[in-house]
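Asks: Structure file my_file37.pdb (PDB, C-alpha atoms) right here:
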```pdb
ATOM      1  CA  MET W 183      23.647  19.440 -23.829
ATOM      2  CA  THR W 184      22.312  16.799 -26.202
ATOM      3  CA  CYS W 185      23.521  13.357 -27.196
ATOM      4  CA  THR W 186      25.660  13.552 -30.339
ATOM      5  CA  ARG W 187      24.254  10.255 -31.623
ATOM      6  CA  CYS W 188      20.479  10.306 -30.973
ATOM      7  CA  GLY W 189      19.817  13.924 -30.006
ATOM      8  CA  THR W 190      18.375  13.113 -26.542
ATOM      9  CA  VAL W 191      18.628  15.961 -24.045
ATOM     10  CA  LEU W 192      21.225  15.055 -21.416
ATOM     11  CA  GLU W 193      20.756  15.979 -17.780
ATOM     12  CA  GLU W 194      23.091  16.969 -14.988
ATOM     13  CA  GLY W 195      25.304  14.062 -13.985
ATOM     14  CA  ASP W 196      24.514  11.774 -16.938
ATOM     15  CA  LEU W 197      27.601   9.727 -17.810
ATOM     16  CA  ARG W 198      25.748   7.963 -20.637
ATOM     17  CA  CYS W 199      22.817   8.876 -22.833
ATOM     18  CA  PRO W 200      19.656   7.388 -21.203
ATOM     19  CA  VAL W 201      18.331   6.318 -24.620
ATOM     20  CA  CYS W 202      21.298   5.040 -26.680
ATOM     21  CA  ALA W 203      23.915   4.645 -23.874
ATOM     22  CA  LEU W 204      26.588   6.704 -25.658
ATOM     23  CA  PRO W 205      29.201   7.902 -23.104
ATOM     24  CA  THR W 206      29.049  11.631 -22.418
ATOM     25  CA  SER W 207      31.232  14.246 -20.782
ATOM     26  CA  ALA W 208      28.584  15.345 -18.271
ATOM     27  CA  ALA W 209      30.323  14.076 -15.136
ATOM     28  CA  GLY W 210      31.360  17.541 -14.118
ATOM     29  CA  SER W 211      28.071  19.289 -14.784
ATOM     30  CA  PRO W 212      27.551  22.491 -12.755
ATOM     31  CA  GLY W 213      24.236  21.420 -11.190
ATOM     32  CA  ALA W 214      25.778  18.607  -9.146
ATOM     33  CA  THR W 215      28.270  19.705  -6.504
ATOM     34  CA  ARG W 216      30.058  18.079  -3.593
ATOM     35  CA  GLU W 217      28.846  19.377  -0.243
ATOM     36  CA  GLN W 218      28.093  18.265   3.273
ATOM     37  CA  VAL W 219      24.768  16.633   4.121
ATOM     38  CA  LEU W 220      23.133  15.289   7.259
ATOM     39  CA  ARG W 221      22.756  11.487   7.063
ATOM     40  CA  CYS W 222      20.263   9.561   9.240
ATOM     41  CA  SER W 223      21.816   6.706  11.189
ATOM     42  CA  GLU W 224      18.658   4.594  10.822
ATOM     43  CA  CYS W 225      16.680   5.198   7.587
ATOM     44  CA  ASN W 226      19.686   6.575   5.602
ATOM     45  CA  ALA W 227      17.801   9.678   4.449
ATOM     46  CA  SER W 228      19.890  12.783   3.831
ATOM     47  CA  LEU W 229      18.984  16.413   4.424
ATOM     48  CA  ALA W 230      20.711  19.675   3.641
ATOM     49  CA  TYR W 231      23.500  20.470   6.093
ATOM     50  CA  SER W 232      23.087  23.483   8.342
ATOM     51  CA  ALA W 233      25.811  24.584  10.755
ATOM     52  CA  GLU W 234      23.140  25.721  13.221
ATOM     53  CA  ARG W 235      21.680  22.192  13.486
ATOM     54  CA  GLN W 236      24.218  20.045  15.324
ATOM     55  CA  ASN W 237      23.241  16.348  15.234
ATOM     56  CA  PRO W 238      19.488  17.000  14.886
ATOM     57  CA  ALA W 239      16.858  14.274  14.864
ATOM     58  CA  CYS W 240      15.919  12.866  11.461
ATOM     59  CA  GLY W 241      12.748  14.450  10.102
ATOM     60  CA  PHE W 242      11.500  11.073   8.891
ATOM     61  CA  CYS W 243      12.228   8.602  11.710
ATOM     62  CA  GLY W 244      13.576  10.632  14.626
ATOM     63  CA  ALA W 245      17.025   8.982  14.753
ATOM     64  CA  VAL W 246      20.216  10.999  15.241
ATOM     65  CA  MET W 247      21.798  12.442  12.086
ATOM     66  CA  GLN W 248      25.515  12.786  11.398
ATOM     67  CA  VAL W 249      27.402  15.157   9.114
ATOM     68  CA  GLU W 250      28.723  13.393   6.006
ATOM     69  CA  MET W 251      30.594  14.373   2.831
ATOM     70  CA  PRO W 252      29.258  12.079   0.064
ATOM     71  CA  VAL W 253      31.784  10.813  -2.493
ATOM     72  CA  ASP W 254      29.341  11.505  -5.312
ATOM     73  CA  PRO W 255      28.055  15.012  -6.089
ATOM     74  CA  VAL W 256      24.754  15.988  -4.480
ATOM     75  CA  GLU W 257      22.017  16.987  -6.936
ATOM     76  CA  ARG W 258      19.724  19.777  -5.850
ATOM     77  CA  PRO W 259      15.938  19.704  -6.333
ATOM     78  CA  GLU W 260      14.700  21.875  -9.185
ATOM     79  CA  LEU W 261      11.017  22.193  -8.230
ATOM     80  CA  GLN W 262       9.156  22.398  -4.930
ATOM     81  CA  LEU W 263       5.446  22.105  -4.145
ATOM     82  CA  PRO W 264       4.068  24.420  -1.431
ATOM     83  CA  PHE W 265       2.244  23.351   1.706
ATOM     84  CA  GLY W 266      -1.528  23.742   1.609
ATOM     85  CA  VAL W 267      -2.209  22.177   5.023
ATOM     86  CA  SER W 268      -1.472  24.003   8.264
ATOM     87  CA  LYS W 269      -0.035  22.382  11.370
ATOM     88  CA  GLU W 270      -3.405  22.679  13.120
ATOM     89  CA  GLN W 271      -5.178  21.000  10.180
ATOM     90  CA  ALA W 272      -2.608  18.202  10.130
ATOM     91  CA  SER W 273      -3.072  17.595  13.865
ATOM     92  CA  ALA W 274      -6.869  17.483  13.529
ATOM     93  CA  SER W 275      -6.603  15.161  10.528
ATOM     94  CA  LEU W 276      -4.382  12.788  12.499
ATOM     95  CA  ARG W 277      -6.960  12.586  15.325
ATOM     96  CA  GLN W 278      -9.734  11.933  12.826
ATOM     97  CA  TRP W 279      -7.645   9.229  11.167
ATOM     98  CA  LEU W 280      -6.919   7.543  14.503
ATOM     99  CA  SER W 281     -10.640   7.446  15.312
ATOM    100  CA  THR W 282     -11.523   5.636  12.072
ATOM    101  CA  ARG W 283      -8.925   2.868  11.977
ATOM    102  CA  GLY W 284     -11.406   0.018  12.233
ATOM    103  CA  PHE W 285     -12.837  -2.416  14.733
ATOM    104  CA  PHE W 286      -9.593  -4.204  15.574
ATOM    105  CA  THR W 287      -7.792  -1.082  16.838
ATOM    106  CA  PRO W 288      -8.053  -0.114  20.534
ATOM    107  CA  SER W 289     -11.274   1.745  21.372
ATOM    108  CA  ASP W 290      -9.396   4.551  23.152
ATOM    109  CA  LEU W 291      -6.765   5.002  20.434
ATOM    110  CA  ALA W 292      -7.783   8.528  19.375
ATOM    111  CA  SER W 293      -8.195   9.794  22.940
ATOM    112  CA  SER W 294      -5.152   8.088  24.509
ATOM    113  CA  ALA W 295      -2.561   8.557  21.763
ATOM    114  CA  THR W 296      -0.072  11.339  22.459
ATOM    115  CA  VAL W 297       1.805  13.245  19.746
ATOM    116  CA  ASP W 298       5.581  13.471  20.232
ATOM    117  CA  SER W 299       6.351  15.625  17.213
ATOM    118  CA  LEU W 300       4.608  17.087  14.189
ATOM    119  CA  HIS W 301       6.788  18.850  11.639
ATOM    120  CA  GLN W 302       6.889  19.659   7.949
ATOM    121  CA  GLN W 303       9.170  17.772   5.593
ATOM    122  CA  TRP W 304       9.711  17.797   1.838
ATOM    123  CA  TRP W 305      10.436  14.360   0.338
ATOM    124  CA  ALA W 306      12.246  13.697  -2.919
ATOM    125  CA  ALA W 307      10.817  12.428  -6.206
ATOM    126  CA  TRP W 308      11.482  12.522  -9.931
ATOM    127  CA  LEU W 309       8.985  13.966 -12.392
ATOM    128  CA  CYS W 310       9.364  11.996 -15.604
ATOM    129  CA  ASP W 311       8.387  12.486 -19.261
ATOM    130  CA  ALA W 312       9.099   9.522 -21.523
ATOM    131  CA  GLU W 313       8.248   7.816 -24.779
ATOM    132  CA  ALA W 314       8.924   4.151 -25.533
ATOM    133  CA  LEU W 315       8.013   1.167 -27.640
ATOM    134  CA  VAL W 316       6.959  -1.405 -25.039
ATOM    135  CA  SER W 317       7.401  -5.110 -25.745
ATOM    136  CA  TRP W 318       5.275  -7.251 -23.448
ATOM    137  CA  ALA W 319       4.363 -10.816 -22.561
ATOM    138  CA  ALA W 320       1.606 -12.130 -20.283
ATOM    139  CA  ASP W 321      -0.867 -14.899 -19.598
ATOM    140  CA  SER W 322      -4.581 -14.116 -19.720
ATOM    141  CA  ASP W 323      -7.916 -15.944 -19.889
ATOM    142  CA  ALA W 324      -8.480 -14.862 -23.511
ATOM    143  CA  GLY W 325      -8.340 -17.807 -25.917
ATOM    144  CA  SER W 326      -7.484 -20.255 -23.148
ATOM    145  CA  GLY W 327     -10.013 -22.889 -24.245
ATOM    146  CA  ARG W 328     -10.158 -25.609 -21.620
ATOM    147  CA  SER W 329      -7.155 -24.185 -19.779
ATOM    148  CA  ASP W 330      -7.204 -21.349 -17.279
ATOM    149  CA  TRP W 331      -4.520 -19.354 -19.077
ATOM    150  CA  ALA W 332      -3.167 -18.700 -22.565
ATOM    151  CA  PRO W 333       0.093 -16.901 -23.497
ATOM    152  CA  HIS W 334       0.065 -13.535 -25.279
ATOM    153  CA  ALA W 335       2.760 -11.095 -26.419
ATOM    154  CA  GLY W 336       3.071  -7.954 -28.478
ATOM    155  CA  GLN W 337       4.387  -4.416 -28.769
ATOM    156  CA  THR W 338       2.681  -1.087 -28.159
ATOM    157  CA  PRO W 339       3.881   2.549 -28.085
ATOM    158  CA  MET W 340       3.484   4.391 -24.768
ATOM    159  CA  GLN W 341       4.209   7.849 -23.475
ATOM    160  CA  TRP W 342       4.286   9.313 -19.988
ATOM    161  CA  THR W 343       3.859  12.938 -18.931
ATOM    162  CA  ASN W 344       4.584  14.108 -15.376
ATOM    163  CA  LEU W 345       4.915  10.558 -14.046
ATOM    164  CA  LEU W 346       5.851  10.867 -10.363
ATOM    165  CA  ILE W 347       8.575   8.418  -9.286
ATOM    166  CA  PRO W 348       9.545   8.439  -5.568
ATOM    167  CA  ALA W 349      13.222   8.952  -4.748
ATOM    168  CA  SER W 350      12.805   9.185  -0.969
ATOM    169  CA  ARG W 351      14.835   7.165   1.498
ATOM    170  CA  GLY W 352      13.039   8.601   4.502
ATOM    171  CA  LEU W 353       9.540   7.406   3.527
ATOM    172  CA  SER W 354       8.501   3.853   2.671
ATOM    173  CA  ALA W 355       7.158   2.732  -0.710
ATOM    174  CA  GLU W 356       3.683   2.344   0.830
ATOM    175  CA  GLU W 357       3.764   5.888   2.191
ATOM    176  CA  THR W 358       4.993   7.532  -1.019
ATOM    177  CA  SER W 359       2.523   5.530  -3.133
ATOM    178  CA  THR W 360      -0.413   6.767  -1.024
ATOM    179  CA  LEU W 361       0.776  10.378  -0.979
ATOM    180  CA  ALA W 362       1.876  10.706  -4.622
ATOM    181  CA  ALA W 363      -1.583  10.421  -6.178
ATOM    182  CA  HIS W 364      -2.917  13.570  -4.478
ATOM    183  CA  TYR W 365      -0.437  16.360  -5.271
ATOM    184  CA  ASP W 366      -1.193  19.408  -7.405
ATOM    185  CA  LEU W 367       1.809  19.363  -9.721
ATOM    186  CA  ALA W 368       0.678  22.620 -11.323
ATOM    187  CA  SER W 369       1.604  24.420  -8.086
ATOM    188  CA  ALA W 370       5.319  23.607  -8.481
ATOM    189  CA  ALA W 371       7.752  26.508  -8.143
ATOM    190  CA  PRO W 372      11.567  26.776  -8.173
ATOM    191  CA  ALA W 373      12.946  24.862  -5.188
ATOM    192  CA  GLY W 374      14.479  26.470  -2.167
ATOM    193  CA  ASP W 375      16.847  24.860   0.311
ATOM    194  CA  GLY W 376      16.797  24.080   3.994
ATOM    195  CA  PRO W 377      17.076  21.339   6.611
ATOM    196  CA  GLU W 378      13.511  20.146   5.911
ATOM    197  CA  VAL W 379      14.271  19.311   2.258
ATOM    198  CA  GLU W 380      15.364  15.764   1.445
ATOM    199  CA  GLN W 381      18.450  15.570  -0.770
ATOM    200  CA  PHE W 382      18.940  13.645  -4.030
ATOM    201  CA  ASP W 383      22.117  11.789  -3.066
ATOM    202  CA  VAL W 384      21.940   8.620  -5.191
ATOM    203  CA  GLN W 385      24.406   8.153  -8.028
ATOM    204  CA  ARG W 386      23.026   9.281 -11.378
ATOM    205  CA  SER W 387      23.484   5.792 -12.853
ATOM    206  CA  LYS W 388      21.470   4.281 -10.008
ATOM    207  CA  ALA W 389      18.838   6.988 -10.398
ATOM    208  CA  ARG W 390      18.416   6.050 -14.056
ATOM    209  CA  LEU W 391      18.022   2.368 -13.134
ATOM    210  CA  THR W 392      15.365   3.261 -10.548
ATOM    211  CA  ILE W 393      13.482   5.408 -13.073
ATOM    212  CA  THR W 394      13.641   2.699 -15.755
ATOM    213  CA  ALA W 395      12.372   0.055 -13.311
ATOM    214  CA  ALA W 396       9.479   2.353 -12.361
ATOM    215  CA  LEU W 397       8.596   2.800 -16.047
ATOM    216  CA  GLU W 398       8.564  -1.000 -16.470
ATOM    217  CA  ARG W 399       6.189  -1.418 -13.515
ATOM    218  CA  ASN W 400       3.915   1.372 -14.696
ATOM    219  CA  ALA W 401       3.846  -0.010 -18.245
ATOM    220  CA  ALA W 402       2.842  -3.440 -16.895
ATOM    221  CA  GLU W 403      -0.093  -1.792 -15.080
ATOM    222  CA  LEU W 404      -1.181   0.191 -18.137
ATOM    223  CA  LEU W 405      -1.084  -2.915 -20.349
ATOM    224  CA  GLN W 406      -3.826  -4.484 -18.221
ATOM    225  CA  GLY W 407      -6.166  -1.632 -19.083
ATOM    226  CA  GLY W 408      -7.079  -2.934 -22.531
ATOM    227  CA  VAL W 409      -3.884  -3.768 -24.416
ATOM    228  CA  ILE W 410      -3.645  -7.372 -23.218
ATOM    229  CA  PRO W 411      -6.763  -9.302 -24.284
ATOM    230  CA  GLY W 412      -8.958 -10.893 -21.646
ATOM    231  CA  ARG W 413     -10.182 -10.020 -18.168
ATOM    232  CA  ARG W 414      -7.714 -11.852 -15.920
ATOM    233  CA  TYR W 415      -3.917 -11.577 -16.146
ATOM    234  CA  ARG W 416      -0.786 -13.061 -14.644
ATOM    235  CA  LYS W 417       2.978 -12.970 -15.253
ATOM    236  CA  VAL W 418       2.739  -9.563 -16.948
ATOM    237  CA  LYS W 419       6.177  -8.382 -18.096
ATOM    238  CA  ALA W 420       7.029  -5.158 -19.925
ATOM    239  CA  TRP W 421      10.272  -4.036 -21.569
ATOM    240  CA  PRO W 422      10.237  -0.354 -22.667
ATOM    241  CA  LEU W 423      12.633   0.635 -25.458
ATOM    242  CA  LEU W 424      13.050   4.329 -24.746
ATOM    243  CA  SER W 425      13.025   6.947 -27.476
ATOM    244  CA  LYS W 426      12.711   9.905 -25.077
ATOM    245  CA  LEU W 427      13.429  10.399 -21.377
ATOM    246  CA  ALA W 428      13.479  13.655 -19.433
ATOM    247  CA  THR W 429      13.374  13.947 -15.639
ATOM    248  CA  ARG W 430      13.118  16.804 -13.168
ATOM    249  CA  ARG W 431      13.953  16.649  -9.471
ATOM    250  CA  LEU W 432      10.989  17.584  -7.310
ATOM    251  CA  VAL W 433      10.352  17.776  -3.553
ATOM    252  CA  LEU W 434       6.857  17.235  -2.140
ATOM    253  CA  PRO W 435       5.347  18.488   1.139
ATOM    254  CA  ALA W 436       4.177  16.266   3.997
ATOM    255  CA  TRP W 437       3.651  16.489   7.758
ATOM    256  CA  VAL W 438       5.593  13.733   9.540
ATOM    257  CA  VAL W 439       4.088  12.750  12.895
ATOM    258  CA  THR W 440       5.550  10.563  15.635
ATOM    259  CA  TRP W 441       3.047   9.507  18.284
ATOM    260  CA  GLN W 442       2.792   7.048  21.179
ATOM    261  CA  TYR W 443       0.189   4.656  22.486
ATOM    262  CA  GLN W 444       0.878   2.675  25.679
ATOM    263  CA  ASP W 445       4.644   3.358  25.496
ATOM    264  CA  LYS W 446       4.903   2.199  21.877
ATOM    265  CA  ARG W 447       5.967   4.704  19.223
ATOM    266  CA  PHE W 448       4.411   4.942  15.765
ATOM    267  CA  ARG W 449       4.764   7.172  12.711
ATOM    268  CA  ALA W 450       2.114   8.665  10.469
ATOM    269  CA  VAL W 451       2.430  10.970   7.467
ATOM    270  CA  VAL W 452      -0.200  13.616   6.693
ATOM    271  CA  HIS W 453      -0.349  14.879   3.110
ATOM    272  CA  GLY W 454       1.016  18.395   2.772
ATOM    273  CA  GLN W 455      -1.693  19.547   0.349
ATOM    274  CA  ARG W 456      -4.702  17.370   1.223
ATOM    275  CA  ALA W 457      -5.270  16.878   4.950
ATOM    276  CA  SER W 458      -7.671  13.950   4.503
ATOM    277  CA  VAL W 459      -4.842  11.750   3.160
ATOM    278  CA  VAL W 460      -2.996  10.084   6.047
ATOM    279  CA  VAL W 461      -0.832   6.967   5.937
ATOM    280  CA  GLY W 462       0.752   4.992   8.765
ATOM    281  CA  LYS W 463       0.425   1.962  11.014
ATOM    282  CA  THR W 464      -1.681   1.612  14.160
ATOM    283  CA  PRO W 465      -1.723  -0.904  17.043
ATOM    284  CA  ILE W 466      -4.042  -3.916  17.103
ATOM    285  CA  SER W 467      -6.307  -4.745  20.025
ATOM    286  CA  TRP W 468      -5.553  -8.425  20.568
ATOM    287  CA  ALA W 469      -8.409  -8.601  23.076
ATOM    288  CA  LYS W 470     -10.828  -7.777  20.256
ATOM    289  CA  VAL W 471      -9.139 -10.299  17.956
ATOM    290  CA  LEU W 472      -9.426 -12.988  20.639
ATOM    291  CA  GLY W 473     -13.056 -12.066  21.262
ATOM    292  CA  VAL W 474     -13.907 -12.483  17.582
ATOM    293  CA  VAL W 475     -12.085 -15.831  17.413
ATOM    294  CA  VAL W 476     -13.916 -17.104  20.512
ATOM    295  CA  GLY W 477     -17.228 -15.882  19.078
ATOM    296  CA  VAL W 478     -16.651 -17.645  15.741
ATOM    297  CA  VAL W 479     -15.602 -20.876  17.466
ATOM    298  CA  THR W 480     -18.660 -20.726  19.738
ATOM    299  CA  LEU W 481     -20.948 -20.122  16.755
ATOM    300  CA  LEU W 482     -19.466 -23.038  14.820
ATOM    301  CA  ALA W 483     -19.782 -25.305  17.860
ATOM    302  CA  THR W 484     -23.433 -24.289  18.281
ATOM    303  CA  ILE W 485     -24.184 -24.977  14.612
ATOM    304  CA  ALA W 486     -22.468 -28.365  14.854
ATOM    305  CA  ALA W 487     -24.506 -29.260  17.955
ATOM    306  CA  VAL W 488     -27.756 -28.266  16.232
ATOM    307  CA  VAL W 489     -26.866 -30.399  13.179
ATOM    308  CA  VAL W 490     -26.136 -33.387  15.412
ATOM    309  CA  LEU W 491     -29.485 -32.983  17.225
ATOM    310  CA  LEU W 492     -31.388 -32.706  13.939
ATOM    311  CA  ASN W 493     -29.733 -35.842  12.585
ATOM    312  CA  ARG W 494     -30.908 -37.760  15.622
TER     313      ARG W 494
END
```
Please rewrite the model in this file as structure tokens.

Replies:
Amino acid sequence: MTCTRCGTVLEEGDLRCPVCALPTSAAGSPGATREQVLRCSECNASLAYSAERQNPACGFCGAVMQVEMPVDPVERPELQLPFGVSKEQASASLRQWLSTRGFFTPSDLASSATVDSLHQQWWAAWLCDAEALVSWAADSDAGSGRSDWAPHAGQTPMQWTNLLIPASRGLSAEETSTLAAHYDLASAAPAGDGPEVEQFDVQRSKARLTITAALERNAAELLQGGVIPGRRYRKVKAWPLLSKLATRRLVLPAWVVTWQYQDKRFRAVVHGQRASVVVGKTPISWAKVLGVVVGVVTLLATIAAVVVLLNR
């Protein structure tokens, strides 16, 4: 189906054209159906419902999940990337990651941490192709004279191909940002279904707003690569006027790990196609932090005492 005014290809669930906003009749599109899902009571992620899995733990945070019938139709993923990292490789990568977390982590972190669970999970994202005329405004150091900053503005055409925009509720923005840069999109195949696949359960109108906001952020980053004059920038704003927008729903593989150290639980995510990419939080050794602070204070006191003696 295409928009009768501007010719833009309409997608499943579009109530308005994403380019010219003309109302459509796509509300009842066949690709979006009402069905039961499993909803996490903590992170709000949703997974495909399976009658064999009664109140399972959430694949992302471990909380209990409940059966729910969303008011809005559930959109199914179209594409799915395969796993290229085995469970054994993910476990070894986690241990390696724990052993290289820096000076301020506990010295026995890698040896004392215990893994509670390690399981595969596919998280949701949109794959976006777009074209737009981007209007922008920013301050930079170009032409600032005696001031630090000077205002600049302009317009530039931009296009995006296979821009990955996270749609996951189960993973944080930091986690998806780290993972997204390392997937082999060429390995995508038609998506399957199952309890490990995160569902696309946001309203289509909200999905479009999320995608548009992501395009604005990405355009602001690209503008600082040579479009805006100068070497330093601030207050960069971008407003894309879309002439083309096409999205596909994609699910991406990751190993989600829950582990404990001294009775505290943590989560890490190992990339499903590149084992060396791991993201998560680790505990801090406050004894080491205190030791460094005491050492710095002692050093400063020694330097001050030497200066006083020399002045005498």

Asks: Please expand the PyMOL selection byres ((chain W and resi 268) around 10) into the concrete residues it hits in this file, giving the result as a list in words.

Replies: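 Applied to this file, the PyMOL selection byres ((chain W and resi 268) around 10) returns Phe265, Gly266, Val267, Lys269, Glu270, Gln271, Ala272, Ser273, Ala274, Gln302, Trp437, Gly454, Gln455 and Ala457 of chain W.
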
Asks: Please write as a list in words the full residue list that the PyMOL selection byres ((chain W and resi 276-285) around 9) yields on this file.

Replies: Gln271, Ala272, Ser273, Ala274, Ser275, Phe286, Thr287, Pro288, Ser289, Asp290, Leu291, Ala292, Ser293, Ala295, Val439, Ala450, Val451, Val452, Ala457, Ser458, Val459, Val460, Val461, Thr464, Ser467 and Lys470 of chain W

Asks: Contacts of Ser317 of chain W at 8 Å or less, counting only C-alpha atoms, minus same-chain residues fewer than 3 places along, as a PyMOL selection string?

Replies: chain W and resi 335-338+420-423

Asks: Suppose we keep C-alpha atoms; can you now write the selection as a PDB file, keeping the file's coordinate frame?

Replies:
```pdb
ATOM      1  CA  ALA W 335       2.760 -11.095 -26.419  1.00  0.00           C
ATOM      2  CA  GLY W 336       3.071  -7.954 -28.478  1.00  0.00           C
ATOM      3  CA  GLN W 337       4.387  -4.416 -28.769  1.00  0.00           C
ATOM      4  CA  THR W 338       2.681  -1.087 -28.159  1.00  0.00           C
ATOM      5  CA  ALA W 420       7.029  -5.158 -19.925  1.00  0.00           C
ATOM      6  CA  TRP W 421      10.272  -4.036 -21.569  1.00  0.00           C
ATOM      7  CA  PRO W 422      10.237  -0.354 -22.667  1.00  0.00           C
ATOM      8  CA  LEU W 423      12.633   0.635 -25.458  1.00  0.00           C
TER       9      LEU W 423
END
```

Asks: Which of these, W:Arg456, W:Arg449, W:His334, W:Arg390, has the shortest distance to Lys419 of chain W once you count all atoms listed in the file?

Replies: W:His334

Asks: Step by step, work through what the PyMOL selection byres ((chain W and resi 443) around 7) selects in the shown file, and finish by giving those residues as a ChimeraX atom specification.

Replies: /W:294-296,442,444-447

Asks: Please, what distance in Å, to one decimal, runs between atom CA of Leu353 of chain W and atom CA of Ser299 of chain W?

Replies: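 Answer for the atom CA of Leu353 of chain W to atom CA of Ser299 of chain W separation: 16.3 Å.
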
Asks: May I ask which of the residues W:Leu220, W:Leu481, W:Leu427, W:Leu263 is the closest one to Val249 of chain W, counting all atoms listed in the file?

Replies: W:Leu220

Asks: Between atom CA of Ala314 of chain W and atom CA of Ser425 of chain W, what is the distance in Å, rounded to a tenth?

Replies: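 Computing it gives 5.3 Å between the two atoms.
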